[in-house]
Structure formats: structure tokens, C-alpha cells
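Enquirer: This is the structure I have questions about; it appears just below.
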Amino acid sequence: MKAVHFGAGNIGRGFIGEILNHNGYAITFVDVNDTIIEALKARGSYTIELADESREQIQIQNVTGLNNAKEADKVVEAIVEADLLTTAIGPNILPRIAQLIAQGIEARAARNIQQPIDIIACENMIGGSTFLAEEVKKHFTDTAYLDQYVGFPDAAVDRIVPMQQHADPLFVQVEPFSEWVVQGTACKSPIRLEGVAYVNDLEPYIERKLFSVNTGHATVAYTGALQGYETIDEAMQDHLVVIQLRSVLHETGKLLIAKWGFDAAEHEKYIEKIIGRFQNKYISDAISRVARTPLRKLGNHERFIRPMVELTQIDEMPFHLLETIGMVFNYFDPEDEQCQELKEMILQKGLDKIISEVTGIDNQKILGSIKQNVEKYAYKVA
């Protein structure tokens, strides 16, 4: 069995690659990072280490790499021969690979390959595969083959893989916990991976992960930055940070329980598991990494604004989410382009207009509450 995976970064190698390897796949990683791609070609294997007291090492075998900027024809051929295609490259990069994926599908059609294939976008976004499908379809005039033989099942993925530097460019440390859930009803291929949960309705799991793990992780980052910490594990030693995290997760938990019918006691255990994961002393994740791209994180369908708005719609006032949103608007990292952009926007257009523009909110009461919290934490906007 052969898999093509776009994105040879830490998440691709340390999470998706591990599961594909466990299921016996030969993996072709596609990326523009020459160092990683050449190392994959030369060695054909790499090592994953679990970030806990065991320090267990897992050998990932039968891998290679292709540089899509230099070896597009070979990538197309790899797609032709693949049984499964996955991505972990970041939502903003998906449109950039759509044309190459389309060429691979066209080549499959030209050779009359009738074996269905699924393309699964393993990204931190709602509807990643659906989004990728729309981008791929832009490169087709006739989608008959695509519609019949290519599935784009959405997925929810969860594993903390921190930024890291090692002498070995392929070595990667990951937390022991991992979860990969796929919408089975959208699959065209009969392939089912061991270690992946296939469900009929994915949306509850996507929202549970986004509004718990992603919202929580970012809450620690922005609250920790406010307190002057540089890493997540440092911030999690501060009881004020943990209190803010737990309070935010209880607010999003109210929404998830009301909306999707999650068991309250089980969800409380889920919250405590998340807190324990963030407290893992064997993982040192930079706050600058987790807090980066604040404009995206303040989007209308993202981890803070969407649950905050939906809570107000069920007459719950999310005070702690609003506080965190205030911190996000004030977060500044001079190395982050979106931080610079957000600050410049506020300076040029004014806070009132930018809050509405960035969040997509037009409810004046909610906008007023956000503004209050932005002003409350206005230690860097000037």
C-alpha cells in the first residue's frame, strides 16, 4: 500500500506518518524543505520519540520524499500510484497544492484507474478536506471522474507536536496522546486505518477539539504572554493561567454539551485530560508558536469568536472567552506578520471598526463587550 502525504514537517512525520507506517504504508512525503526531503530520500526512515518519562522511540520505515517545487512530475506519478493521500501543511497552504493534486487525479483518469482514493486534509480547521476539494475542483472543467472516484472526507486531528530543533532533521518528539477522527460517510475508498476513528457525523468531534484543545492551547499562550512567559509549560505552572484555561474550557464545554449532547461528566474528564496534556513537563512549546497568526485566530469561525457568539445565543455570557479575546487583540510579536498587521490596522482605522472587521460581528452589544476587554488588556496597543 502506498500513501502520499503533503507536508513533511513535525506533525506530518510525527503524527500522520506514524499512523500510516503502523498500517503498513510506504509513504512519499511531499514538501519544499530540501533538507528534510533529501534526508528522507537518503535514509528511508526516521525516529519518533514520545515526550514522556518512557522516552519510547518508534522507527518509521519505508519512507521517501519529493520536492513539489522541483519534482512536480514525480509527485503526479506518486499520486497516480497512491492508495491514500493526506495533508498536514496548514490551511493557508492548501490552495497552493490544489493544482498539483488535480494533475495527479487527471493522470489517474487518463489511465482509467478505477480504484477509489480518499484525500484527507489533516489540518486545524473545520472542513479542511471539503475546502481542499473546492480548490481542486477549480482546476477541472469536467468533474465526472473526480466525483466518482475521489473522496474528500473531513477529519479532526489532535496531537501536540511542539516546535523543536535537533541535530537530526528527521527526528521528532511528540506527546503520547493522539486522536484522528474521519467522516466515514464521505469516504470513497474502502480503506480503513487502524488507529483512526471513522464516524458518521464528524462535526461534534471537530468542534469539541477546536473549542477545547485549540481554544485552550491558545488561551494558555495569550494568558502566558501577558504574564511574561515564553513557553507553554512555564505558563502552566502559574495558577492564574490554569484558572483562566479551566474557566474558558468550562464555558466552551457548556456550548458543546448543549449543542451536541456530550455527557457532562465525560466532558469534564476530557477537560482535565487537556489540562494535563498542557502541563506535560516533557514538552516545551514556545508561546510565540501557539500564539502566532492572531488575525486568523480572531476569525468568525475560529476558536474564540465562534463559541463566544454561540454562547450568547443560548443566553450564556462567556466572560472568560471575552477576556481572552481582549488579550489576543493586544498580543504583539514583532516577528509575526499578522501581529504587525493587526496593530497597524487598529492605529489606522480605530478599534471599533477593526473589531467588527476582524471578527465579522455586527451585534453592538457583543462588540461593546469585546472592546471593553481589549481596552482592559491594552498594554501594547498605542
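Chain identifiers are assigned as A, B, and so on, following the order in which chains appear in the C-alpha cells; residues are numbered from 1 within each chain, and ligands are numbered from 1 in order of appearance.
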Report as an NGL selection string: the residues of stretch 65-248 of chain A with a DSSP assignment of strand (DSSP E or B), based on the backbone of this structure.

Expert: :A and (65-67 or 84-87 or 117-121 or 150-151 or 155-158 or 172-174 or 179-183 or 197-199 or 231)

Enquirer: Using only C-alpha atoms, which residues sit within 12 Å of A:Ala197 once same-chain residues fewer than 3 positions away are excluded, as a PyMOL selection string?

Expert: chain A and resi 19+155-157+178-184+192-194+200-202+205

Enquirer: Go ahead and dump the residues you just picked, all heavy atoms, as a short mmCIF file (atom, residue, chain, number, x, y, z; two decimals), in the first residue's frame.

Expert:
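Written out: out_17.cif:
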```cif
data_model
loop_
_atom_site.label_atom_id
_atom_site.label_comp_id
_atom_site.auth_asym_id
_atom_site.auth_seq_id
_atom_site.Cartn_x
_atom_site.Cartn_y
_atom_site.Cartn_z
N ILE A 19 0.95 6.85 11.98
CA ILE A 19 -0.23 6.01 11.78
C ILE A 19 -0.18 5.30 10.43
O ILE A 19 -0.51 4.11 10.31
CB ILE A 19 -1.52 6.84 11.93
CG1 ILE A 19 -1.68 7.25 13.40
CG2 ILE A 19 -2.74 6.05 11.45
CD1 ILE A 19 -2.92 8.05 13.70
N ALA A 155 -11.74 15.65 8.50
CA ALA A 155 -11.08 14.96 9.62
C ALA A 155 -10.85 15.93 10.77
O ALA A 155 -10.77 17.14 10.59
CB ALA A 155 -9.74 14.38 9.17
N ALA A 156 -10.75 15.36 11.96
CA ALA A 156 -10.32 16.10 13.15
C ALA A 156 -9.07 15.41 13.67
O ALA A 156 -9.06 14.19 13.87
CB ALA A 156 -11.42 16.11 14.22
N VAL A 157 -8.01 16.17 13.87
CA VAL A 157 -6.75 15.59 14.33
C VAL A 157 -6.28 16.31 15.58
O VAL A 157 -6.48 17.51 15.74
CB VAL A 157 -5.65 15.67 13.23
CG1 VAL A 157 -5.97 14.73 12.08
CG2 VAL A 157 -5.49 17.10 12.72
N SER A 178 -2.81 10.93 20.98
CA SER A 178 -3.16 11.33 19.63
C SER A 178 -4.59 10.88 19.33
O SER A 178 -5.07 9.88 19.87
CB SER A 178 -2.20 10.74 18.58
OG SER A 178 -2.36 9.34 18.48
N GLU A 179 -5.25 11.65 18.48
CA GLU A 179 -6.62 11.32 18.06
C GLU A 179 -6.82 11.78 16.62
O GLU A 179 -6.53 12.93 16.28
CB GLU A 179 -7.64 12.01 18.98
CG GLU A 179 -9.09 11.67 18.64
CD GLU A 179 -10.08 12.33 19.59
OE1 GLU A 179 -10.17 13.58 19.57
OE2 GLU A 179 -10.75 11.62 20.35
N TRP A 180 -7.30 10.88 15.79
CA TRP A 180 -7.58 11.18 14.38
C TRP A 180 -8.96 10.61 14.09
O TRP A 180 -9.18 9.40 14.16
CB TRP A 180 -6.51 10.55 13.50
CG TRP A 180 -6.60 10.84 12.03
CD1 TRP A 180 -7.54 11.60 11.38
CD2 TRP A 180 -5.70 10.39 11.00
NE1 TRP A 180 -7.28 11.65 10.04
CE2 TRP A 180 -6.17 10.93 9.77
CE3 TRP A 180 -4.55 9.61 11.00
CZ2 TRP A 180 -5.53 10.67 8.56
CZ3 TRP A 180 -3.92 9.35 9.80
CH2 TRP A 180 -4.40 9.88 8.59
N VAL A 181 -9.91 11.50 13.79
CA VAL A 181 -11.30 11.11 13.52
C VAL A 181 -11.63 11.52 12.10
O VAL A 181 -11.35 12.66 11.68
CB VAL A 181 -12.27 11.77 14.52
CG1 VAL A 181 -13.69 11.23 14.30
CG2 VAL A 181 -11.83 11.52 15.96
N VAL A 182 -12.25 10.61 11.33
CA VAL A 182 -12.57 10.86 9.92
C VAL A 182 -14.06 10.62 9.68
O VAL A 182 -14.65 9.69 10.25
CB VAL A 182 -11.74 9.92 9.00
CG1 VAL A 182 -12.21 10.02 7.55
CG2 VAL A 182 -10.26 10.27 9.09
N GLN A 183 -14.65 11.45 8.83
CA GLN A 183 -16.05 11.28 8.48
C GLN A 183 -16.18 10.13 7.48
O GLN A 183 -15.99 10.28 6.27
CB GLN A 183 -16.63 12.57 7.87
CG GLN A 183 -18.12 12.48 7.61
CD GLN A 183 -18.70 13.81 7.16
OE1 GLN A 183 -18.01 14.82 7.16
NE2 GLN A 183 -19.97 13.80 6.79
N GLY A 184 -16.51 8.97 8.01
CA GLY A 184 -16.53 7.76 7.19
C GLY A 184 -17.52 7.80 6.06
O GLY A 184 -17.28 7.21 5.00
N ARG A 192 -9.74 1.43 5.64
CA ARG A 192 -9.96 1.93 6.99
C ARG A 192 -8.67 1.72 7.78
O ARG A 192 -8.19 0.58 7.91
CB ARG A 192 -11.13 1.23 7.68
CG ARG A 192 -12.49 1.49 7.04
CD ARG A 192 -12.89 2.95 7.13
NE ARG A 192 -14.19 3.22 6.55
CZ ARG A 192 -14.39 3.61 5.29
NH1 ARG A 192 -13.35 3.74 4.47
NH2 ARG A 192 -15.60 3.87 4.85
N LEU A 193 -8.11 2.79 8.30
CA LEU A 193 -6.84 2.74 9.00
C LEU A 193 -7.03 2.37 10.47
O LEU A 193 -7.89 2.93 11.15
CB LEU A 193 -6.12 4.09 8.92
CG LEU A 193 -5.77 4.62 7.53
CD1 LEU A 193 -5.22 6.03 7.64
CD2 LEU A 193 -4.76 3.70 6.85
N GLU A 194 -6.21 1.44 10.94
CA GLU A 194 -6.19 1.17 12.37
C GLU A 194 -5.57 2.37 13.09
O GLU A 194 -4.58 2.94 12.65
CB GLU A 194 -5.34 -0.08 12.66
CG GLU A 194 -5.36 -0.52 14.11
CD GLU A 194 -4.58 -1.80 14.34
OE1 GLU A 194 -4.62 -2.68 13.45
OE2 GLU A 194 -3.93 -1.91 15.40
N ASN A 200 -19.99 8.75 11.58
CA ASN A 200 -20.99 9.22 10.62
C ASN A 200 -21.13 10.74 10.64
O ASN A 200 -21.36 11.35 9.60
CB ASN A 200 -22.35 8.57 10.92
CG ASN A 200 -22.34 7.08 10.64
OD1 ASN A 200 -21.58 6.59 9.82
ND2 ASN A 200 -23.19 6.34 11.35
N ASP A 201 -21.01 11.32 11.81
CA ASP A 201 -21.14 12.78 11.96
C ASP A 201 -19.88 13.31 12.61
O ASP A 201 -19.64 13.11 13.81
CB ASP A 201 -22.37 13.11 12.81
CG ASP A 201 -22.65 14.62 12.84
OD1 ASP A 201 -21.91 15.38 12.20
OD2 ASP A 201 -23.61 15.02 13.53
N LEU A 202 -19.07 13.98 11.83
CA LEU A 202 -17.77 14.44 12.33
C LEU A 202 -17.86 15.76 13.08
O LEU A 202 -17.03 16.04 13.95
CB LEU A 202 -16.80 14.59 11.14
CG LEU A 202 -15.38 15.01 11.48
CD1 LEU A 202 -14.65 13.91 12.25
CD2 LEU A 202 -14.61 15.38 10.22
N TYR A 205 -17.14 16.20 16.83
CA TYR A 205 -15.76 15.92 17.22
C TYR A 205 -14.82 17.04 16.79
O TYR A 205 -13.86 17.37 17.50
CB TYR A 205 -15.32 14.57 16.62
CG TYR A 205 -16.12 13.42 17.14
CD1 TYR A 205 -17.26 12.99 16.47
CD2 TYR A 205 -15.77 12.76 18.32
CE1 TYR A 205 -18.02 11.93 16.94
CE2 TYR A 205 -16.52 11.70 18.80
CZ TYR A 205 -17.65 11.29 18.12
OH TYR A 205 -18.39 10.26 18.60
#
```

Enquirer: For A:Gly9, list every protein, DNA or RNA residue within 9 Å, evaluated using only C-alpha atoms, and leave out those in the same chain fewer than 3 positions away; present the list as an MDAnalysis selection string.

Expert: chainID A and resid 12:14 31 33 36 88:89 170

Enquirer: Deliver the residues from the most recent selection as a file, using N, CA, C and O atoms, as a short mmCIF file (atom, residue, chain, number, x, y, z; two decimals), in the first residue's frame.

Expert:
```
data_model
loop_
_atom_site.label_atom_id
_atom_site.label_comp_id
_atom_site.auth_asym_id
_atom_site.auth_seq_id
_atom_site.Cartn_x
_atom_site.Cartn_y
_atom_site.Cartn_z
N GLY A 12 3.38 16.15 10.24
CA GLY A 12 3.30 15.13 9.20
C GLY A 12 4.11 13.89 9.54
O GLY A 12 3.62 12.76 9.44
N ARG A 13 5.36 14.09 9.98
CA ARG A 13 6.21 12.95 10.32
C ARG A 13 5.82 12.34 11.66
O ARG A 13 5.82 11.12 11.84
N GLY A 14 5.50 13.22 12.63
CA GLY A 14 5.31 12.74 14.00
C GLY A 14 3.92 12.23 14.33
O GLY A 14 3.73 11.61 15.37
N ASP A 31 7.13 18.01 0.07
CA ASP A 31 7.41 19.25 0.77
C ASP A 31 8.40 20.06 -0.05
O ASP A 31 8.98 19.56 -1.02
N ASN A 33 10.89 21.70 1.64
CA ASN A 33 12.07 21.77 2.50
C ASN A 33 13.11 20.77 2.00
O ASN A 33 13.00 19.57 2.25
N ILE A 36 14.91 18.29 4.60
CA ILE A 36 14.11 17.15 5.05
C ILE A 36 13.89 16.16 3.90
O ILE A 36 14.03 14.95 4.08
N ALA A 88 -0.88 17.72 5.86
CA ALA A 88 -0.73 18.43 7.14
C ALA A 88 0.24 19.58 6.86
O ALA A 88 1.41 19.52 7.21
N ILE A 89 -0.27 20.60 6.20
CA ILE A 89 0.59 21.69 5.72
C ILE A 89 0.14 23.06 6.22
O ILE A 89 0.84 24.05 6.01
N LEU A 170 15.29 14.82 10.83
CA LEU A 170 14.09 13.98 10.74
C LEU A 170 13.56 13.56 12.10
O LEU A 170 12.40 13.14 12.21
#
```

Enquirer: Within 12 Å of A:Glu272, counting only C-alpha atoms, which residues qualify if same-chain residues fewer than 2 places away don't, as a compact mmCIF listing (two decimals) with N, CA, C and O atoms, in the first residue's frame?

Expert:
```txt
# COMPACT_ATOMS: atom_id res chain seq x y z
N SER A 212 -11.96 23.07 22.45
CA SER A 212 -11.35 22.64 23.71
C SER A 212 -9.83 22.69 23.60
O SER A 212 -9.18 23.48 24.27
N VAL A 213 -9.26 21.87 22.73
CA VAL A 213 -7.80 21.80 22.63
C VAL A 213 -7.24 23.08 22.01
O VAL A 213 -6.34 23.71 22.58
N GLY A 216 -8.17 26.12 24.13
CA GLY A 216 -7.43 26.04 25.39
C GLY A 216 -5.95 26.33 25.22
O GLY A 216 -5.36 27.07 26.00
N VAL A 242 -3.74 28.72 34.70
CA VAL A 242 -4.55 27.49 34.74
C VAL A 242 -6.00 27.83 35.05
O VAL A 242 -6.92 27.23 34.49
N LEU A 245 -7.52 29.11 31.89
CA LEU A 245 -7.73 27.98 30.99
C LEU A 245 -8.95 27.17 31.38
O LEU A 245 -9.83 26.90 30.55
N ARG A 246 -9.02 26.79 32.65
CA ARG A 246 -10.13 25.95 33.09
C ARG A 246 -11.47 26.69 32.93
O ARG A 246 -12.47 26.10 32.53
N SER A 247 -11.47 27.99 33.21
CA SER A 247 -12.70 28.78 33.08
C SER A 247 -13.17 28.85 31.63
O SER A 247 -14.37 28.71 31.35
N LEU A 249 -12.46 26.67 29.25
CA LEU A 249 -12.90 25.33 28.83
C LEU A 249 -14.25 24.97 29.41
O LEU A 249 -15.02 24.22 28.78
N HIS A 250 -14.57 25.47 30.57
CA HIS A 250 -15.91 25.24 31.12
C HIS A 250 -16.95 26.01 30.33
O HIS A 250 -18.08 25.53 30.14
N GLY A 253 -17.27 24.18 27.11
CA GLY A 253 -17.92 22.92 27.45
C GLY A 253 -19.43 23.06 27.55
O GLY A 253 -20.18 22.17 27.13
N ALA A 265 -20.31 14.67 32.57
CA ALA A 265 -19.24 14.08 33.38
C ALA A 265 -18.07 13.64 32.50
O ALA A 265 -16.90 13.85 32.87
N GLU A 266 -18.37 13.06 31.35
CA GLU A 266 -17.30 12.65 30.44
C GLU A 266 -16.56 13.86 29.89
O GLU A 266 -15.34 13.83 29.70
N HIS A 267 -17.30 14.93 29.61
CA HIS A 267 -16.62 16.12 29.08
C HIS A 267 -15.73 16.76 30.15
O HIS A 267 -14.66 17.30 29.82
N GLU A 268 -16.12 16.67 31.40
CA GLU A 268 -15.27 17.19 32.47
C GLU A 268 -13.95 16.42 32.51
O GLU A 268 -12.87 17.01 32.70
N LYS A 269 -14.02 15.11 32.32
CA LYS A 269 -12.80 14.30 32.25
C LYS A 269 -11.95 14.71 31.05
O LYS A 269 -10.71 14.73 31.13
N TYR A 270 -12.61 15.01 29.94
CA TYR A 270 -11.92 15.45 28.73
C TYR A 270 -11.17 16.76 28.99
O TYR A 270 -10.00 16.92 28.58
N ILE A 274 -7.05 17.43 28.90
CA ILE A 274 -6.42 18.50 28.13
C ILE A 274 -5.48 19.30 29.02
O ILE A 274 -4.33 19.60 28.64
N ILE A 275 -5.93 19.66 30.20
CA ILE A 275 -5.10 20.43 31.14
C ILE A 275 -3.83 19.65 31.47
O ILE A 275 -2.72 20.20 31.49
N GLY A 276 -3.98 18.35 31.70
CA GLY A 276 -2.83 17.50 31.98
C GLY A 276 -1.85 17.46 30.81
O GLY A 276 -0.62 17.46 31.01
N ARG A 277 -2.37 17.44 29.61
CA ARG A 277 -1.51 17.44 28.42
C ARG A 277 -0.70 18.72 28.33
O ARG A 277 0.49 18.71 28.02
N PHE A 278 -1.34 19.84 28.62
CA PHE A 278 -0.64 21.12 28.56
C PHE A 278 0.41 21.25 29.68
O PHE A 278 1.36 22.02 29.56
N GLN A 279 0.22 20.47 30.75
CA GLN A 279 1.16 20.52 31.88
C GLN A 279 2.32 19.55 31.71
O GLN A 279 3.19 19.47 32.58
```

Enquirer: Per residue of stretch 75-172 of chain A within 10 Å of stretch 297-317 of chain A, which atom pair is closest and at what distance in Å (one decimal), using only C-alpha atoms, listed by chain and increasing number, as JSON lines?

Expert:
```
{"residue": "A:Asn124", "atom": "CA", "partner": "A:Glu302", "partner_atom": "CA", "distance": 9.9}
{"residue": "A:Met125", "atom": "CA", "partner": "A:Glu302", "partner_atom": "CA", "distance": 8.0}
{"residue": "A:Ile126", "atom": "CA", "partner": "A:His301", "partner_atom": "CA", "distance": 8.4}
```

Enquirer: Could you name the residues that touch A:Asp52 at 10 Å or less, counting only C-alpha atoms, but leaving out those on the same chain fewer than 2 positions away, as a list in words?

Expert: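 The residues satisfying every condition are Glu49, Leu50, Ser54, Arg55, Glu56, Gln173, Val174, Glu175, Pro176, Asn280, Lys281, Tyr282 and Ile283 of chain A.
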
Enquirer: DSSP on the backbone: what in stretch 20-200 of chain A comes out helix (DSSP H, G or I), as a PyMOL selection string?

Expert: chain A and resi 20-22+34-43+72-81+91-110+128-137+144-149+184-186

Enquirer: A:Leu66: which residues within 9 Å, counting only C-alpha atoms, same-chain residues fewer than 6 positions away excluded, as a VMD selection string?

Expert: chain A and resid 28 to 32 34 37 to 38 40 to 41 72 74 to 75

Enquirer: How far is it from atom CA of A:Phe262 to atom CA of A:Pro318, in Å with one decimal?

Expert: 19.1 Å

Enquirer: Considering only C-alpha atoms, return as a list of chain:residue names whatever protein or nucleic-acid residues lie within 12 Å of A:Pro190, sequence-local ones (same chain, fewer than 4 positions apart) excluded.

Expert: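 With the cut-off at 12 Å, the set is A:Asp83, A:Leu84, A:Gln115, A:Pro116, A:Ile117, A:Asp118, A:Tyr149, A:Val150, A:Gly151, A:Gly184, A:Thr185, A:Ala186, A:Tyr198.
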